[in-house]
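With PDB, C-alpha atoms inside, this is run.pdb:
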ATOM      1  CA  MET A   1     107.787  82.028 119.952
ATOM      2  CA  GLU A   2     107.164  82.116 116.221
ATOM      3  CA  ARG A   3     103.741  83.664 116.804
ATOM      4  CA  GLU A   4     105.316  86.335 119.012
ATOM      5  CA  ARG A   5     107.889  87.141 116.340
ATOM      6  CA  SER A   6     105.154  87.248 113.693
ATOM      7  CA  LEU A   7     103.139  89.771 115.696
ATOM      8  CA  ARG A   8     106.222  91.875 116.335
ATOM      9  CA  GLU A   9     106.970  91.950 112.609
ATOM     10  CA  ARG A  10     103.334  92.778 111.829
ATOM     11  CA  LEU A  11     103.509  95.824 114.080
ATOM     12  CA  ILE A  12     106.579  96.979 112.180
ATOM     13  CA  ASP A  13     104.919  96.226 108.825
ATOM     14  CA  VAL A  14     101.916  98.330 109.803
ATOM     15  CA  GLY A  15     104.190 101.143 110.950
ATOM     16  CA  VAL A  16     106.052 101.088 107.646
ATOM     17  CA  ASP A  17     102.758 101.287 105.753
ATOM     18  CA  ILE A  18     101.598 104.213 107.881
ATOM     19  CA  VAL A  19     104.782 106.242 107.502
ATOM     20  CA  MET A  20     104.818 105.623 103.746
ATOM     21  CA  THR A  21     101.216 106.707 103.241
ATOM     22  CA  ASP A  22     100.438 109.155 106.043
ATOM     23  CA  GLY A  23     103.837 110.360 107.252
ATOM     24  CA  PRO A  24     105.677 109.997 110.566
ATOM     25  CA  ALA A  25     103.250 112.253 112.448
ATOM     26  CA  SER A  26     100.653 109.456 112.226
ATOM     27  CA  LEU A  27     102.841 106.835 113.919
ATOM     28  CA  GLY A  28     101.045 106.751 117.257
ATOM     29  CA  LEU A  29     101.099 103.525 119.257
ATOM     30  CA  ARG A  30      97.309 103.358 119.360
ATOM     31  CA  GLU A  31      97.002 103.816 115.595
ATOM     32  CA  ILE A  32      99.630 101.163 114.889
ATOM     33  CA  ALA A  33      97.899  98.753 117.273
ATOM     34  CA  ARG A  34      94.476  99.495 115.762
ATOM     35  CA  ARG A  35      95.622  98.832 112.208
ATOM     36  CA  ALA A  36      97.467  95.697 113.307
ATOM     37  CA  GLY A  37      94.286  94.432 114.924
ATOM     38  CA  VAL A  38      95.711  94.115 118.440
ATOM     39  CA  SER A  39      94.993  95.751 121.780
ATOM     40  CA  HIS A  40      96.401  99.200 122.537
ATOM     41  CA  GLY A  41      98.833  97.729 125.025
ATOM     42  CA  ALA A  42     100.116  94.926 122.764
ATOM     43  CA  PRO A  43     103.051  96.875 121.228
ATOM     44  CA  ARG A  44     104.536  97.340 124.696
ATOM     45  CA  ARG A  45     105.096  93.598 124.935
ATOM     46  CA  TYR A  46     107.595  93.775 122.082
ATOM     47  CA  PHE A  47     108.874  97.333 122.243
ATOM     48  CA  PRO A  48     109.587  98.902 125.660
ATOM     49  CA  THR A  49     108.980 102.449 124.391
ATOM     50  CA  HIS A  50     107.338 104.245 121.500
ATOM     51  CA  HIS A  51     110.839 105.216 120.330
ATOM     52  CA  ALA A  52     111.854 101.555 120.205
ATOM     53  CA  LEU A  53     109.008 100.763 117.799
ATOM     54  CA  LEU A  54     109.723 103.842 115.683
ATOM     55  CA  SER A  55     113.385 102.831 115.508
ATOM     56  CA  ALA A  56     112.418  99.357 114.306
ATOM     57  CA  ILE A  57     110.291 100.958 111.585
ATOM     58  CA  ALA A  58     113.122 103.310 110.598
ATOM     59  CA  ARG A  59     115.530 100.381 110.458
ATOM     60  CA  ARG A  60     113.387  98.972 107.640
ATOM     61  CA  GLY A  61     114.031 102.209 105.780
ATOM     62  CA  PHE A  62     117.794 101.783 106.104
ATOM     63  CA  ALA A  63     117.479  98.194 104.866
ATOM     64  CA  ASP A  64     115.488  99.416 101.853
ATOM     65  CA  LEU A  65     118.053 102.120 101.115
ATOM     66  CA  ALA A  66     120.878  99.580 101.397
ATOM     67  CA  SER A  67     119.122  97.333  98.864
ATOM     68  CA  ARG A  68     118.824 100.290  96.503
ATOM     69  CA  PHE A  69     122.534 100.956  96.884
ATOM     70  CA  GLU A  70     123.199  97.324  96.029
ATOM     71  CA  ALA A  71     120.946  97.498  92.981
ATOM     72  CA  ALA A  72     122.728 100.652  91.809
ATOM     73  CA  ALA A  73     126.162  99.039  92.141
ATOM     74  CA  ASP A  74     128.178  98.386  88.993
ATOM     75  CA  GLU A  75     131.406  96.592  89.870
ATOM     76  CA  ASP A  76     132.900  97.507  86.496
ATOM     77  CA  ALA A  77     132.267 101.257  86.888
ATOM     78  CA  SER A  78     134.837 103.711  88.207
ATOM     79  CA  PRO A  79     134.659 104.690  91.896
ATOM     80  CA  ARG A  80     133.388 108.129  90.931
ATOM     81  CA  ASP A  81     130.638 106.701  88.716
ATOM     82  CA  ARG A  82     129.636 104.344  91.511
ATOM     83  CA  LEU A  83     129.507 107.255  93.952
ATOM     84  CA  GLN A  84     127.337 109.136  91.492
ATOM     85  CA  ALA A  85     124.977 106.153  91.276
ATOM     86  CA  LEU A  86     124.783 105.940  95.083
ATOM     87  CA  ALA A  87     124.155 109.666  95.345
ATOM     88  CA  ARG A  88     121.323 109.438  92.827
ATOM     89  CA  ALA A  89     119.821 106.495  94.716
ATOM     90  CA  TYR A  90     120.050 108.433  97.986
ATOM     91  CA  LEU A  91     118.348 111.523  96.590
ATOM     92  CA  ARG A  92     115.725 109.457  94.777
ATOM     93  CA  TYR A  93     114.876 107.574  97.956
ATOM     94  CA  ALA A  94     114.571 110.817  99.892
ATOM     95  CA  SER A  95     112.244 112.210  97.228
ATOM     96  CA  GLU A  96     110.081 109.100  96.840
ATOM     97  CA  HIS A  97     109.784 108.248 100.542
ATOM     98  CA  ARG A  98     109.890 111.539 102.388
ATOM     99  CA  GLY A  99     108.105 110.272 105.461
ATOM    100  CA  MET A 100     110.425 107.317 105.961
ATOM    101  CA  PHE A 101     113.495 109.414 105.167
ATOM    102  CA  GLU A 102     112.478 111.931 107.821
ATOM    103  CA  LEU A 103     111.938 109.147 110.365
ATOM    104  CA  MET A 104     115.286 107.486 109.591
ATOM    105  CA  PHE A 105     117.262 110.554 110.553
ATOM    106  CA  ARG A 106     115.295 111.794 113.541
ATOM    107  CA  HIS A 107     117.843 112.842 116.127
ATOM    108  CA  ASP A 108     115.841 111.489 119.054
ATOM    109  CA  LEU A 109     115.705 108.041 117.453
ATOM    110  CA  LEU A 110     119.330 107.920 116.357
ATOM    111  CA  TYR A 111     120.376 108.578 119.960
ATOM    112  CA  SER A 112     117.850 106.414 121.784
ATOM    113  CA  GLY A 113     119.954 103.252 122.013
ATOM    114  CA  GLU A 114     119.156 102.703 125.664
ATOM    115  CA  THR A 115     115.473 102.176 124.811
ATOM    116  CA  GLN A 116     116.115  99.499 122.183
ATOM    117  CA  PRO A 117     115.252  95.826 122.707
ATOM    118  CA  ALA A 118     118.362  93.892 123.773
ATOM    119  CA  ASP A 119     118.586  92.028 120.447
ATOM    120  CA  LEU A 120     118.722  95.195 118.343
ATOM    121  CA  PRO A 121     121.620  97.675 118.074
ATOM    122  CA  PRO A 122     121.032 101.445 118.340
ATOM    123  CA  LEU A 123     119.429 102.849 115.204
ATOM    124  CA  ARG A 124     122.435 105.065 114.460
ATOM    125  CA  GLU A 125     124.492 101.916 113.811
ATOM    126  CA  SER A 126     122.269 101.252 110.797
ATOM    127  CA  THR A 127     123.893 104.248 109.116
ATOM    128  CA  LEU A 128     127.427 102.853 109.458
ATOM    129  CA  PRO A 129     127.376 100.317 106.567
ATOM    130  CA  LEU A 130     126.030 102.992 104.211
ATOM    131  CA  PHE A 131     128.692 105.465 105.290
ATOM    132  CA  SER A 132     131.423 102.809 105.074
ATOM    133  CA  HIS A 133     130.408 102.192 101.469
ATOM    134  CA  PHE A 134     130.908 105.879 100.679
ATOM    135  CA  VAL A 135     134.285 105.894 102.467
ATOM    136  CA  GLU A 136     135.515 102.846 100.550
ATOM    137  CA  LEU A 137     134.623 104.335  97.173
ATOM    138  CA  VAL A 138     136.071 107.751  98.064
ATOM    139  CA  SER A 139     139.274 106.013  99.170
ATOM    140  CA  ARG A 140     139.562 104.192  95.845
ATOM    141  CA  HIS A 141     138.774 107.377  93.946
ATOM    142  CA  THR A 142     141.413 109.439  95.760
ATOM    143  CA  ALA A 143     143.984 106.655  95.283
ATOM    144  CA  GLU A 144     143.451 106.875  91.526
ATOM    145  CA  ARG A 145     143.888 110.660  91.702
ATOM    146  CA  VAL A 146     147.114 110.635  93.703
ATOM    147  CA  ALA A 147     148.795 112.838  91.108
ATOM    148  CA  ALA A 148     146.242 115.554  91.829
ATOM    149  CA  GLY A 149     148.070 116.397  95.065
ATOM    150  CA  PRO A 150     147.232 116.208  98.786
ATOM    151  CA  THR A 151     143.650 115.673  99.813
ATOM    152  CA  ALA A 152     141.649 115.200 102.997
ATOM    153  CA  PRO A 153     141.242 111.704 104.499
ATOM    154  CA  PRO A 154     138.607 109.613 102.663
ATOM    155  CA  ALA A 155     136.333 109.485 105.736
ATOM    156  CA  VAL A 156     136.316 113.298 105.916
ATOM    157  CA  ILE A 157     135.544 113.629 102.199
ATOM    158  CA  ALA A 158     132.807 111.006 102.473
ATOM    159  CA  ALA A 159     131.303 112.797 105.479
ATOM    160  CA  ALA A 160     131.337 116.116 103.624
ATOM    161  CA  LEU A 161     129.765 114.501 100.561
ATOM    162  CA  TRP A 162     127.063 112.816 102.641
ATOM    163  CA  THR A 163     126.362 116.069 104.484
ATOM    164  CA  ASN A 164     125.979 117.875 101.170
ATOM    165  CA  LEU A 165     123.683 115.192  99.732
ATOM    166  CA  HIS A 166     121.544 115.178 102.858
ATOM    167  CA  GLY A 167     121.227 118.944 102.636
ATOM    168  CA  VAL A 168     120.088 118.675  99.025
ATOM    169  CA  ALA A 169     117.553 116.010 100.020
ATOM    170  CA  GLN A 170     116.191 117.983 102.968
ATOM    171  CA  LEU A 171     116.001 121.338 101.212
ATOM    172  CA  GLY A 172     114.355 119.577  98.274
ATOM    173  CA  ALA A 173     111.737 118.070 100.583
ATOM    174  CA  TRP A 174     110.968 121.502 102.029
ATOM    175  CA  GLY A 175     110.688 123.029  98.541
ATOM    176  CA  SER A 176     113.350 125.599  99.380
ATOM    177  CA  LEU A 177     115.898 124.211  96.930
ATOM    178  CA  GLN A 178     113.565 124.273  93.937
ATOM    179  CA  LEU A 179     112.442 127.795  94.821
ATOM    180  CA  ALA A 180     116.025 129.049  95.014
ATOM    181  CA  LEU A 181     117.090 127.344  91.782
ATOM    182  CA  ASP A 182     114.038 128.595  89.900
ATOM    183  CA  ALA A 183     114.777 132.135  91.060
ATOM    184  CA  ALA A 184     118.446 131.838  90.079
ATOM    185  CA  SER A 185     117.759 130.251  86.662
ATOM    186  CA  PRO A 186     114.427 131.527  85.349
ATOM    187  CA  GLU A 187     115.501 130.661  81.799
ATOM    188  CA  ALA A 188     115.703 126.904  82.539
ATOM    189  CA  ALA A 189     113.485 124.694  80.392
ATOM    190  CA  PRO A 190     110.437 123.170  82.145
ATOM    191  CA  GLY A 191     111.733 119.628  81.616
ATOM    192  CA  ASP A 192     115.161 120.286  83.091
ATOM    193  CA  ASP A 193     116.032 118.570  86.352
ATOM    194  CA  PRO A 194     117.903 121.142  88.453
ATOM    195  CA  VAL A 195     118.837 118.560  91.084
ATOM    196  CA  ASP A 196     120.645 116.499  88.449
ATOM    197  CA  GLY A 197     122.865 119.436  87.560
ATOM    198  CA  LEU A 198     123.354 120.230  91.228
ATOM    199  CA  LEU A 199     124.509 116.676  91.885
ATOM    200  CA  MET A 200     127.302 117.075  89.347
ATOM    201  CA  VAL A 201     128.475 120.230  91.104
ATOM    202  CA  VAL A 202     128.388 118.464  94.474
ATOM    203  CA  LEU A 203     130.504 115.582  93.171
ATOM    204  CA  ASP A 204     133.004 117.958  91.559
ATOM    205  CA  ALA A 205     133.282 119.930  94.795
ATOM    206  CA  HIS A 206     134.152 116.889  96.898
ATOM    207  CA  LEU A 207     135.828 114.553  94.413
ATOM    208  CA  GLY A 208     137.374 117.001  91.973
ATOM    209  CA  PRO A 209     136.337 117.730  88.370
ATOM    210  CA  VAL A 210     136.096 114.723  86.063
ATOM    211  CA  ASN A 211     138.917 115.796  83.771
ATOM    212  CA  ALA A 212     141.191 117.303  86.410
TER     213      ALA A 212
END

Now, as a test, write the supplied structure out as structure tokens.
Amino acid sequence: MERERSLRERLIDVGVDIVMTDGPASLGLREIARRAGVSHGAPRRYFPTHHALLSAIARRGFADLASRFEAAADEDASPRDRLQALARAYLRYASEHRGMFELMFRHDLLYSGETQPADLPPLRESTLPLFSHFVELVSRHTAERVAAGPTAPPAVIAAALWTNLHGVAQLGAWGSLQLALDAASPEAAPGDDPVDGLLMVVLDAHLGPVNA
């Protein structure tokens, strides 16, 4: 049993290495099996479909992102500052691991729960702890800003913030964001990080200005 589990984990390890170095387009079953040193049919013994194996690989990405969120946490910081740290970690992960980030949010994997092994939940459930973390911090932030007047429910604000961050990450990966910002601000210094300034605008839009 332990040997079976070890081989299953090795297949996932190999898949993670492939997506990190060569991108998700290279994640064929035959290539994963070849690099793992097993027969072409071996992955089917542990993963009923190709999607099931890809989902297991993507789940490693969510675990890595969660660990980065934990490392970025500062219990003494304000909810807004903690949200800013999480947002930075999210965008940094998307930039540093584009292949894995793309795999993690593939629609066909997020909604392929029926093909998962019985001991694993649907991949989309891996997003829930991350989103819950955003909701909790938004809730605490809005509670501290009660004098600012009515606001949307924390879950709605968190969803809007996440949507905005994901858009920044995706447009950044495509190069469209940098192109648009360069065209809009040709006077910017070469060392300036336009995404950093954009992040501040995103946070202000969803959480309110710092001094409001």

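Across A:Ala42, A:Leu179, A:Leu103, A:Leu86, the tightest approach to Gly23 in chain A is made by A:Leu103 when counting all atoms listed in the file.
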
message: Running the PyMOL selection byres ((chain A and resi 29-31) around 12) on this model by hand, what would come out? Give it as number ranges by chain.
response: A: 11-12, 14-15, 17-19, 22, 24-28, 32-44, 47-54

message: Quick one: residues within 8 Å of range 196-204 of chain A, all atoms listed in the file, excluding same-chain residues fewer than 3 positions away - as a ChimeraX atom specification?
response: /A:84,87-88,161,164-165,193,207-210

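Residues in contact range of Ala72 in chain A, defined as at most 12 Å between all atoms listed in the file, with sequence neighbours fewer than 2 positions away removed, read Leu65, Ala66, Ser67, Arg68, Phe69, Glu70, Asp74, Glu75, Asp76, Ala77, Asp81, Arg82, Leu83, Gln84, Ala85, Leu86, Ala87, Arg88, Ala89, Tyr90 and Arg92 of chain A.
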
- prompt: Any idea what the distance is between CA of Ala169 in chain A and CA of Arg106 in chain A?
  reply: 14.3 Å

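Straight-line separation from CA of Glu136 in chain A to CA of Ala63 in chain A: 19.1 Å.
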